[in-house]
file final13.csv (CSV, C-alpha atoms)
chain,number,residue,atom,x,y,z
A,1128,MET,CA,60.1,-68.7,-67.4
A,1129,GLY,CA,59.0,-71.9,-69.1
A,1130,ILE,CA,55.7,-73.4,-69.7
A,1131,ASP,CA,55.3,-76.8,-68.0
A,1132,ILE,CA,52.9,-79.6,-68.7
A,1133,TYR,CA,51.3,-79.3,-65.3
A,1134,THR,CA,50.4,-75.6,-65.8
A,1135,VAL,CA,49.2,-75.9,-69.3
A,1136,ILE,CA,47.5,-79.4,-69.4
A,1137,VAL,CA,47.2,-81.2,-66.1
A,1138,PHE,CA,45.9,-78.4,-63.8
A,1139,PRO,CA,43.5,-77.1,-66.5
A,1140,ILE,CA,41.9,-80.6,-66.9
A,1141,VAL,CA,41.6,-81.1,-63.1
A,1142,TYR,CA,40.2,-77.6,-62.8
A,1143,ILE,CA,37.5,-77.9,-65.5
A,1144,LEU,CA,36.5,-81.5,-64.8
A,1145,PRO,CA,33.5,-80.6,-62.5
A,1146,ALA,CA,32.1,-78.4,-65.3
A,1147,TYR,CA,32.6,-81.1,-68.0
A,1148,VAL,CA,30.9,-83.7,-65.8
A,1149,ALA,CA,28.1,-81.3,-64.9
A,1150,ASN,CA,27.6,-80.6,-68.6
A,1151,GLY,CA,27.6,-84.2,-69.7
A,1152,ALA,CA,25.6,-85.9,-67.0
A,1153,PRO,CA,22.2,-84.6,-68.1
A,1154,VAL,CA,22.6,-86.5,-71.4
A,1155,ILE,CA,22.9,-89.7,-69.5
A,1156,PHE,CA,20.7,-89.1,-66.4
A,1157,GLY,CA,18.2,-86.5,-67.8
A,1158,GLY,CA,14.6,-86.8,-69.0
A,1159,GLY,CA,11.3,-86.2,-67.4
A,1160,ALA,CA,9.6,-83.0,-66.6
A,1161,PRO,CA,10.9,-79.9,-68.4
A,1162,LEU,CA,12.6,-77.2,-66.3
A,1163,ASP,CA,10.3,-74.6,-67.8
A,1164,MET,CA,7.3,-76.8,-67.0
A,1165,GLY,CA,6.2,-76.4,-70.6
A,1166,ARG,CA,5.6,-72.7,-70.3
A,1167,LYS,CA,6.0,-70.3,-73.2
A,1168,LEU,CA,7.1,-66.8,-73.7
A,1169,ARG,CA,5.6,-65.0,-76.6
A,1170,ARG,CA,4.3,-68.3,-78.0
A,1171,LYS,CA,7.8,-69.9,-77.9
A,1172,PRO,CA,9.0,-72.4,-75.3
A,1173,ILE,CA,11.1,-70.7,-72.6
A,1174,LEU,CA,13.7,-73.4,-72.6
A,1175,GLY,CA,12.2,-76.4,-74.3
A,1176,SER,CA,11.7,-80.0,-73.3
A,1177,HIS,CA,15.4,-80.9,-73.5
A,1178,LYS,CA,16.2,-78.9,-70.4
A,1179,THR,CA,14.7,-81.1,-67.6
A,1180,ILE,CA,14.6,-80.9,-63.8
A,1181,LYS,CA,16.1,-84.4,-63.5
A,1182,GLY,CA,18.9,-83.5,-66.0
A,1183,THR,CA,19.7,-80.3,-64.2
A,1184,VAL,CA,19.8,-81.8,-60.8
A,1185,ALA,CA,21.8,-84.8,-62.0
A,1186,GLY,CA,24.3,-82.5,-63.7
A,1187,LEU,CA,24.7,-80.4,-60.6
A,1188,LEU,CA,25.1,-83.4,-58.3
A,1189,ALA,CA,27.6,-85.0,-60.6
A,1190,GLY,CA,29.7,-81.8,-60.9
A,1191,PHE,CA,29.5,-81.4,-57.1
A,1192,LEU,CA,30.6,-85.0,-56.6
A,1193,VAL,CA,33.7,-84.5,-58.8
A,1194,ALA,CA,34.5,-81.3,-56.9
A,1195,TYR,CA,34.1,-83.1,-53.6
A,1196,ILE,CA,36.5,-85.9,-54.7
A,1197,GLU,CA,39.0,-83.4,-56.1
A,1198,SER,CA,38.9,-81.5,-52.8
A,1199,PHE,CA,40.7,-84.3,-51.1
A,1200,PHE,CA,43.7,-83.5,-53.2
A,1201,LEU,CA,43.2,-79.8,-53.7
A,1202,GLY,CA,41.1,-78.4,-50.9
A,1203,TYR,CA,40.0,-75.3,-52.8
A,1204,MET,CA,38.3,-77.4,-55.6
A,1205,LEU,CA,35.2,-78.0,-53.6
A,1206,ALA,CA,34.2,-74.3,-53.8
A,1207,VAL,CA,35.6,-73.9,-57.3
A,1208,GLY,CA,33.9,-77.0,-58.6
A,1209,ILE,CA,30.6,-76.0,-57.1
A,1210,MET,CA,30.8,-72.6,-58.8
A,1211,LEU,CA,32.0,-74.3,-62.1
A,1212,SER,CA,29.0,-76.6,-62.0
A,1213,LEU,CA,26.5,-73.9,-61.2
A,1214,GLY,CA,28.0,-71.7,-64.0
A,1215,THR,CA,27.9,-74.7,-66.4
A,1216,HIS,CA,24.1,-75.0,-66.0
A,1217,ALA,CA,23.5,-71.3,-66.0
A,1218,GLY,CA,25.3,-71.2,-69.4
A,1219,ASP,CA,23.5,-74.2,-70.8
A,1220,ILE,CA,20.1,-72.8,-69.7
A,1221,THR,CA,21.0,-69.3,-71.0
A,1222,GLY,CA,22.0,-70.9,-74.3
A,1223,SER,CA,18.6,-72.7,-74.6
A,1224,PHE,CA,16.8,-69.5,-73.7
A,1225,ILE,CA,18.6,-67.6,-76.4
A,1226,LYS,CA,18.1,-70.3,-79.0
A,1227,ARG,CA,14.3,-70.4,-78.3
A,1228,ARG,CA,14.1,-66.6,-78.6
A,1229,LEU,CA,15.9,-66.9,-82.0
A,1230,GLY,CA,13.3,-69.4,-83.0
A,1231,ARG,CA,15.8,-72.3,-83.2
A,1232,LYS,CA,14.3,-75.7,-82.6
A,1233,GLU,CA,15.5,-78.0,-79.8
A,1234,GLY,CA,18.6,-79.9,-80.9
A,1235,ALA,CA,19.4,-77.3,-83.6
A,1236,LYS,CA,23.1,-76.9,-84.0
A,1237,SER,CA,24.7,-73.6,-82.6
A,1238,LEU,CA,28.4,-73.7,-82.3
A,1239,VAL,CA,28.9,-70.9,-79.8
A,1240,LEU,CA,25.8,-71.5,-77.7
A,1241,ASP,CA,26.3,-75.3,-77.5
A,1242,GLN,CA,30.0,-75.7,-77.2
A,1243,TYR,CA,31.3,-72.6,-75.4
A,1244,LEU,CA,28.6,-70.7,-73.5
A,1245,PHE,CA,28.5,-73.3,-70.7
A,1246,LEU,CA,32.3,-73.0,-70.5
A,1247,VAL,CA,32.4,-69.2,-70.4
A,1248,MET,CA,29.7,-69.1,-67.7
A,1249,ALA,CA,31.4,-71.7,-65.7
A,1250,LEU,CA,34.7,-69.8,-65.7
A,1251,LEU,CA,32.8,-66.5,-64.9
A,1252,PHE,CA,31.1,-68.1,-61.9
A,1253,ALA,CA,34.4,-69.5,-60.6
A,1254,ALA,CA,36.5,-66.4,-61.3
A,1255,PRO,CA,35.6,-64.5,-58.1
A,1256,LEU,CA,37.3,-67.3,-56.1
A,1257,GLY,CA,40.6,-66.2,-57.6
A,1258,ILE,CA,41.8,-69.7,-58.7
A,1259,MET,CA,42.0,-70.2,-62.4
A,1260,PRO,CA,44.4,-71.6,-64.9
A,1261,ASN,CA,46.8,-69.2,-66.6
A,1262,VAL,CA,46.2,-67.9,-70.1
A,1263,TYR,CA,47.8,-71.0,-71.7
A,1264,GLY,CA,45.8,-73.3,-69.6
A,1265,LEU,CA,42.6,-71.4,-70.5
A,1266,LEU,CA,43.5,-71.7,-74.2
A,1267,PHE,CA,44.1,-75.4,-73.8
A,1268,ILE,CA,40.6,-75.7,-72.1
A,1269,PHE,CA,38.9,-74.0,-75.0
A,1270,VAL,CA,40.6,-76.2,-77.6
A,1271,LEU,CA,40.0,-79.3,-75.5
A,1272,THR,CA,36.3,-78.3,-75.1
A,1273,GLY,CA,35.8,-78.1,-78.9
A,1274,VAL,CA,37.4,-81.5,-79.5
A,1275,LEU,CA,35.6,-83.2,-76.6
A,1276,HIS,CA,32.3,-81.7,-77.4
A,1277,LYS,CA,32.5,-83.1,-80.9
A,1278,ALA,CA,33.8,-86.5,-79.9
A,1279,THR,CA,31.4,-87.1,-76.9
A,1280,ASN,CA,28.3,-85.9,-78.9
A,1281,MET,CA,29.2,-88.2,-81.7
A,1282,ALA,CA,29.7,-91.1,-79.3
A,1283,ALA,CA,26.4,-90.4,-77.6
A,1284,TYR,CA,24.7,-90.2,-80.9
A,1285,LYS,CA,26.1,-93.6,-82.0
A,1286,ALA,CA,25.1,-95.1,-78.6
A,1287,LYS,CA,21.6,-93.7,-79.3
A,1288,ILE,CA,21.7,-91.5,-76.2
A,1289,LYS,CA,21.4,-88.4,-78.3
A,1290,LYS,CA,19.1,-87.8,-81.3
A,1291,VAL,CA,21.6,-85.6,-83.1
A,1292,PRO,CA,25.4,-85.9,-83.5
A,1293,TRP,CA,26.2,-82.3,-82.3

call {"tool": "encode", "arguments": {"input": "final13.csv", "output": "C-alpha cells"}}
result
Amino acid sequence: MGIDIYTVIVFPIVYILPAYVANGAPVIFGGGAPLDMGRKLRRKPILGSHKTIKGTVAGLLAGFLVAYIESFFLGYMLAVGIMLSLGTHAGDITGSFIKRRLGRKEGAKSLVLDQYLFLVMALLFAAPLGIMPNVYGLLFIFVLTGVLHKATNMAAYKAKIKKVPW
C-alpha cells in the first residue's frame, strides 16, 4: 500500500479549491454594507464591518462556480463544492463572531480563527457527502492552508487590497 501523488496532493487540491476560492473572493470583491447591518450585541459589533453582504455573496458565487467547473470532470464536486463553500463562509462568520465577543478588533490577528476555522467548517459541511481526501491528503491541505494563507495575505497587503499582512 503506497501513497501516491494523486491521493496526497492532486486530489486534495482539486477537492479544497472551491473553499479556497470562496474564502479569498471577498477580499477582492467585497465591500459595502456589513452583513450584520451594523447591529451590536452587548455593545460589541456582531460581526463587524469587514464581513459584508457583497463579499459573502461574491465568495459563495465564486466557490459555486469553481465547483460547477470541477463537476465537468468529477461529477460529485458540484455538491461537495457547494457544501465546502457554505462551510467556508460559516467558519469565517463564526470566527468573526467569536473575535468580536472576545473584544478583538477587526483585522486583529488570530491564527486559529483566521487560518483554520474556515477550513474545519468547510470540511465538516462536506463530510456528510462521504467524499473526502484520506488522512494524508487532509494533512497536506492543513499544511498548504497555512502556507497559502500567509502568502496570499502578504500579497494582498502589498497590492493594497488588505490593510494588514495577515

call {"tool": "closest_residue", "arguments": {"input": "final13.csv", "among": "A:Leu1266, A:Ile1225, A:Ile1209, A:Ala1217", "to": "Leu1240 (chain A)", "atoms": "only C-alpha atoms"}}
result
A:Ile1225

call {"tool": "residues_around", "arguments": {"input": "final13.csv", "residues": "Ile1143 (chain A)", "least_positions_apart": "3", "cutoff": "8 Å", "atoms": "all atoms listed in the file", "output": "NGL selection string"}}
result
:A and (1139-1140 or 1146-1147 or 1208 or 1211 or 1268)

call {"tool": "closest_residue", "arguments": {"input": "final13.csv", "among": "A:Ile1258, A:Ala1206, A:Val1137, A:Val1148", "to": "Leu1246 (chain A)", "atoms": "only C-alpha atoms"}}
result
A:Val1148

call {"tool": "atom_distance", "arguments": {"input": "final13.csv", "atom1": "CA of Thr1279 (chain A)", "atom2": "CA of Leu1205 (chain A)"}}
result
25.3 Å

call {"tool": "closest_residue", "arguments": {"input": "final13.csv", "among": "A:Leu1192, A:Val1207, A:Leu1168, A:Ala1149", "to": "Pro1260 (chain A)", "atoms": "all atoms listed in the file"}}
result
A:Val1207

call {"tool": "residues_around", "arguments": {"input": "final13.csv", "residues": "Met1259 (chain A)", "least_positions_apart": "4", "cutoff": "8 Å", "atoms": "all atoms listed in the file", "output": "PyMOL selection string"}}
result
chain A and resi 1142+1253-1254

call {"tool": "write_last_selection", "arguments": {"input": "final13.csv", "atoms": "C-alpha atoms", "output": "compact mmCIF listing (two decimals), in the coordinates of the input"}}
result
# COMPACT_ATOMS: atom_id res chain seq x y z
CA TYR A 1142 40.20 -77.60 -62.80
CA ALA A 1253 34.40 -69.50 -60.60
CA ALA A 1254 36.50 -66.40 -61.30

call {"tool": "residues_around", "arguments": {"input": "final13.csv", "residues": "His1276 (chain A)", "least_positions_apart": "4", "cutoff": "10 Å", "atoms": "all atoms listed in the file", "output": "number ranges by chain"}}
result
A: 1147, 1151, 1241-1243, 1270-1272, 1280-1282, 1293

call {"tool": "closest_residue", "arguments": {"input": "final13.csv", "among": "A:Phe1269, A:Tyr1263, A:Tyr1203, A:Phe1156", "to": "Leu1244 (chain A)", "atoms": "all atoms listed in the file"}}
result
A:Phe1269

call {"tool": "atom_distance", "arguments": {"input": "final13.csv", "atom1": "CA of Pro1145 (chain A)", "atom2": "CA of Gly1264 (chain A)"}}
result
16.0 Å

call {"tool": "closest_residue", "arguments": {"input": "final13.csv", "among": "A:Lys1167, A:Ile1132, A:Val1141, A:Lys1178", "to": "Ala1194 (chain A)", "atoms": "all atoms listed in the file"}}
result
A:Val1141

call {"tool": "residues_around", "arguments": {"input": "final13.csv", "residues": "Gly1218 (chain A)", "least_positions_apart": "3", "cutoff": "10 Å", "atoms": "only C-alpha atoms", "output": "list in words"}}
result
Asn1150, Ser1212, Leu1213, Gly1214, Thr1215, Thr1221, Gly1222, Ser1223, Phe1224, Leu1240, Asp1241, Tyr1243, Leu1244, Phe1245, Leu1246, Val1247, Met1248, Ala1249, Leu1251 and Phe1252 of chain A

call {"tool": "residues_near_point", "arguments": {"input": "final13.csv", "point": "(16.4, -87.4, -63.5)", "cutoff": "8 Å", "atoms": "all atoms listed in the file", "output": "MDAnalysis selection string"}}
result
chainID A and resid 1153 1156:1159 1179:1185

call {"tool": "write_last_selection", "arguments": {"input": "final13.csv", "atoms": "C-alpha atoms", "output": "PDB file, keeping the file's coordinate frame"}}
result
ATOM      1  CA  PRO A1153      22.200 -84.600 -68.100  1.00  0.00           C
ATOM      2  CA  PHE A1156      20.700 -89.100 -66.400  1.00  0.00           C
ATOM      3  CA  GLY A1157      18.200 -86.500 -67.800  1.00  0.00           C
ATOM      4  CA  GLY A1158      14.600 -86.800 -69.000  1.00  0.00           C
ATOM      5  CA  GLY A1159      11.300 -86.200 -67.400  1.00  0.00           C
ATOM      6  CA  THR A1179      14.700 -81.100 -67.600  1.00  0.00           C
ATOM      7  CA  ILE A1180      14.600 -80.900 -63.800  1.00  0.00           C
ATOM      8  CA  LYS A1181      16.100 -84.400 -63.500  1.00  0.00           C
ATOM      9  CA  GLY A1182      18.900 -83.500 -66.000  1.00  0.00           C
ATOM     10  CA  THR A1183      19.700 -80.300 -64.200  1.00  0.00           C
ATOM     11  CA  VAL A1184      19.800 -81.800 -60.800  1.00  0.00           C
ATOM     12  CA  ALA A1185      21.800 -84.800 -62.000  1.00  0.00           C
TER      13      ALA A1185
END

call {"tool": "closest_residue", "arguments": {"input": "final13.csv", "among": "A:Leu1265, A:Val1274, A:Val1291, A:Leu1174", "to": "Phe1138 (chain A)", "atoms": "all atoms listed in the file"}}
result
A:Leu1265

call {"tool": "atom_distance", "arguments": {"input": "final13.csv", "atom1": "CA of Leu1256 (chain A)", "atom2": "CA of His1216 (chain A)"}}
result
18.2 Å
